Amino acid sequence: MGHHILVVEDEAIIAMDLFLAVEDCGGVGLGPAATVSEALALLSGAASCDGAILDVNLPDGDIGRVLDELEMRNAAVVVHTGFALPPEVRLRHPHVEVFQKPTLSRVLANALAKKLDEAAR
Amino acid sequence: MERIGSCAMRTSGSSNSQSNEEFRTMVERLPVLCWMADADGYIFYYNKKWYEYTGATPAEMEGWGWQAIHVPAELPRVMEQWRRSLASGEPFEMTFPLLGADGVARLFLTRAVPHRNADGKVIRWFGTNTEITDLQAAEARARESANILQSVIDEVPALVFVKDMDGRLIKANAAVLAMIGRTWAQAREESDADWFSEAQARAIRETDRRVIELGETEEIEEQAGFDEIGPRVLLSRKSPFKDESGNVIGLIGTSIDITDRKRAEMLRAEGEAHLRRVLDQLFAFVGLMTLDGVLIEANQAPIKAAGLKPEDVLGKPFWDAYWWSYSPQIQRRIRDASDAARTGTVVRFDIPVRIVDGEMVTIDFQIAPLRNAEGRITHLVPSAVVIEERVRLEQARGLLIRELHHRVKNLFAIAIGMVNMSARIATNVPELAQGLIGRLNALATAHELIRPALVSDSGDPGATTLDKLVASILTPHLHSSDQLVCAGPFISIGPSAVTSLSLILHELATNASKYGALSTIEGAVQIVWESSKDGRLLVLTWRERNGPPVLVPVRKKGFGSQLMEISAKGQLGGDLRVDWNESGIGVTLTTLLDRLSR
């Protein structure tokens, strides 16, 4: 399949798990990034990014700017968080699917794969 | 008659029978009616004049027979006083009519005096009845009633007095004399100025003059003298005193002492003023509303604290007060609460109110009915306490619960990740179990260490310190405490960083106890940390000594190394470098200091 998938998660062990789950689905992992700035740097350096699994609360702020960037690239996104999207982020991205922590990495990776399939059709 | 005879013998028989005879003759010839009685009042002798006037016989008159010549209507009065004199031994004096032989009743002034023996015991009564004219009778009656009046006036507890034009006493009852501490003889020679203070006497004199000049009755409170506590206060009623032709010749006054009542009133007024001052200081709000909702009273402190003036809230419908003028909904609630209180219901709720500069505070508000002694609702009592602190605590608790909830979810996410990762690398079940238990345990240790930060409401992120964390994670892997040497400054570790840091330390410790310095009892681990010169970074070095020779791993980086690296780079914003020295593994962990306290 070879989709490039960005993983943003500041909890190392969850990040690694997600990263490997993406690879299990045949994707190519980008990251994992633990901060907003790291994620933005990865995106600007990457030739392509088709999808992303994103945590919301990161050490340097919320995921809003990363979502903005991904939307510009038409990337498929699933969000994995213990809270919810902040209201102003939710307003800008009304259709983003949010999974409550803890959700199994396999479930998240499959959900993303499904979105990519639908987008491809 | 026998009795009279024997009596005459007794009274006159002893020493000088001639003078006794002369006395008897004189009595017989007296122009007045005379008689004698024994100590019990039994009359045993009447003189000749008595029989002449009454036309009665001695047998009819003897003892108590005299009652027959009395006017029946008068008799009880006479009997009563006669018995009283017999009992007390006091002289008898009375005016009453006696029936003559011609059937006409004429007035007699009757007097009787007791005769006593050497022991002072009454043995005889000598009585005379002297006929008097109507005028004399009237005078005698007037004297009697004046005496009665005087004794009545002396008995009443009020002060009764008559003053002349100059303010001197003409008449005063016993209460007046008792108050000024004078006898009547002294009092009539003195004046108010002798009994009262100068100012008091002047004030009394002014009132007296006014009553005399205007000729009108006045009721007035005036001070008269002092008792041990202070001035005595009288409630006086003064009227002009007129002679028969209507000229004012002085004044008549009655006064009652109201000193105690005045003092009680003053005490109560003082008590009320005192309570008022206490209420004004009270931080809680207390007010008083009329039934139609107008605020008529309110204590000062909460009004001042809200930056308001009393006139901002007093005298207008309570629901129009400044506090909630910003919100029609709250005004509605206040109005509804007032309506409910009017029907006897106490209403209470928490509402935000506006105070000075548009600032808002939350109050616990209540309106209750106020009932009078008969149980009728006369007023409404609004009261309130600011509960900002309580609201703040509730909010802090809400935050804490959300934070804990988030943390628990995060821990489960981490645990699931751990299981997934451990399953990927484990070659058999015991290895999987051992790896998982170790990592979960490190998480539990980390969680225990940050507990104070989660439950303290200050939100202080300095939950634990690096030295505590190092000791907690490493201790289970040590054979003896001297295998671990730590050195470094005091560094706070926050709730977020503690998970990553504890997992890194756990991976290092597990590795050391499996393959490195902690796998033997001779080995030792030295952990040293210091902050960089610019204060941005913390550099921690882990050095193992005296362990078995180190073999540089040939296979690709293990899970533990990846986990440490990602943790160091991601959450801690630094990196992790491993030196595979043969003498012992060396690790350098660099992190952002501000990330550590998160």
# chains A, B, ... in the order shown; residues from 1 in each chain; ligands from 1

$ closest_atom_pairs --of "chain B" --to "chain A" --cutoff "7 Å" --atoms "only C-alpha atoms" --output "CSV"
residue,atom,partner,partner_atom,distance
B:His406,CA,A:Gly82,CA,5.4
B:Lys409,CA,A:Lys101,CA,5.8
B:Asn410,CA,A:Lys101,CA,6.4
B:Phe412,CA,A:Pro102,CA,6.0
B:Ala413,CA,A:Pro102,CA,4.3
B:Ile414,CA,A:Ile14,CA,5.6
B:Gly417,CA,A:Ile14,CA,5.0
B:Met418,CA,A:Ile13,CA,6.3
B:Asn420,CA,A:Asp17,CA,6.6
B:Met421,CA,A:Asp17,CA,6.1
B:Leu563,CA,A:Ala12,CA,6.2
B:Ile566,CA,A:Ala12,CA,5.5
B:Ser567,CA,A:Ala12,CA,4.8
B:Gly570,CA,A:Ala34,CA,4.2
B:Gln571,CA,A:Asp10,CA,5.1

$ select_by_dssp --residues "chain A" --states "helix (DSSP H, G or I)" --output "number ranges by chain"
A: 12-24, 36-45, 64-72, 87-92, 105-120

$ atom_distance --atom1 "CA of Lys468 (chain B)" --atom2 "CA of Asp579 (chain B)"
25.5 Å

$ residues_around --residues "Ala471 (chain B)" --least-positions-apart "5" --cutoff "10 Å" --atoms "only C-alpha atoms" --output "PyMOL selection string"
chain B and resi 466+476+481+484-486

$ write_last_selection --atoms "N, CA and C atoms" --output "compact mmCIF listing (two decimals), in the first residue's frame"
# COMPACT_ATOMS: atom_id res chain seq x y z
N LEU B 466 13.98 14.31 41.40
CA LEU B 466 14.75 13.35 40.62
C LEU B 466 15.40 12.30 41.52
N PRO B 476 14.63 -1.67 43.89
CA PRO B 476 14.28 -3.09 43.73
C PRO B 476 15.34 -3.91 43.01
N SER B 481 22.48 -1.31 49.30
CA SER B 481 22.26 0.10 48.97
C SER B 481 23.53 0.78 48.47
N LEU B 484 24.45 1.78 44.68
CA LEU B 484 23.97 2.97 43.96
C LEU B 484 24.56 4.23 44.57
N VAL B 485 25.15 5.04 43.70
CA VAL B 485 25.66 6.33 44.16
C VAL B 485 25.00 7.42 43.31
N CYS B 486 24.34 8.35 44.00
CA CYS B 486 23.65 9.43 43.28
C CYS B 486 24.26 10.77 43.66

$ atom_distance --atom1 "CA of Gln483 (chain B)" --atom2 "CA of Ala509 (chain B)"
11.9 Å

$ residues_around --residues "region 374-378 of chain B" --least-positions-apart "2" --cutoff "8 Å" --atoms "only C-alpha atoms" --output "ChimeraX atom specification"
/B:290-291,342,344,369-372,380

$ write_last_selection --atoms "C-alpha atoms" --output "PDB file, in the first residue's frame"
ATOM      1  CA  THR B 290     -41.336  45.239  53.188  1.00  0.00           C
ATOM      2  CA  LEU B 291     -43.888  42.724  51.929  1.00  0.00           C
ATOM      3  CA  ARG B 342     -44.464  36.282  51.431  1.00  0.00           C
ATOM      4  CA  GLY B 344     -44.211  31.637  54.279  1.00  0.00           C
ATOM      5  CA  PRO B 369     -40.399  35.512  56.054  1.00  0.00           C
ATOM      6  CA  LEU B 370     -40.303  37.498  59.312  1.00  0.00           C
ATOM      7  CA  ARG B 371     -43.267  36.919  61.586  1.00  0.00           C
ATOM      8  CA  ASN B 372     -44.546  39.028  64.464  1.00  0.00           C
ATOM      9  CA  LEU B 380     -39.064  39.554  54.514  1.00  0.00           C
TER      10      LEU B 380
END

$ closest_residue --among "A:Val89, A:Ala111, A:Cys49, A:Leu43" --to "Asn74 (chain A)" --atoms "only C-alpha atoms"
A:Cys49

$ atom_distance --atom1 "CA of Phe99 (chain A)" --atom2 "CA of Val78 (chain A)"
7.3 Å

$ select_by_dssp --residues "region 92-276 of chain B" --states "strand (DSSP E or B)" --output "ChimeraX atom specification"
/B:92-99,105-116,122-131,159-164,169-172,218-226,231-242,248-257

$ residues_around --residues "region 277-281 of chain B" --least-positions-apart "6" --cutoff "8 Å" --atoms "only C-alpha atoms" --output "PDB file with N, CA and C atoms, in the first residue's frame"
ATOM      1  N   ASN B 299     -27.302  45.795  56.353  1.00  0.00           N
ATOM      2  CA  ASN B 299     -26.064  46.097  57.078  1.00  0.00           C
ATOM      3  C   ASN B 299     -25.005  46.627  56.119  1.00  0.00           C
ATOM      4  N   GLN B 300     -24.037  47.365  56.703  1.00  0.00           N
ATOM      5  CA  GLN B 300     -23.149  48.185  55.878  1.00  0.00           C
ATOM      6  C   GLN B 300     -22.011  47.427  55.199  1.00  0.00           C
ATOM      7  N   ALA B 301     -21.366  46.545  55.967  1.00  0.00           N
ATOM      8  CA  ALA B 301     -20.100  45.985  55.476  1.00  0.00           C
ATOM      9  C   ALA B 301     -20.207  45.344  54.088  1.00  0.00           C
TER      10      ALA B 301
END

$ closest_residue --among "A:Ala75, A:Leu67, A:Ile53, A:Val22" --to "Leu40 (chain A)" --atoms "only C-alpha atoms"
A:Leu67
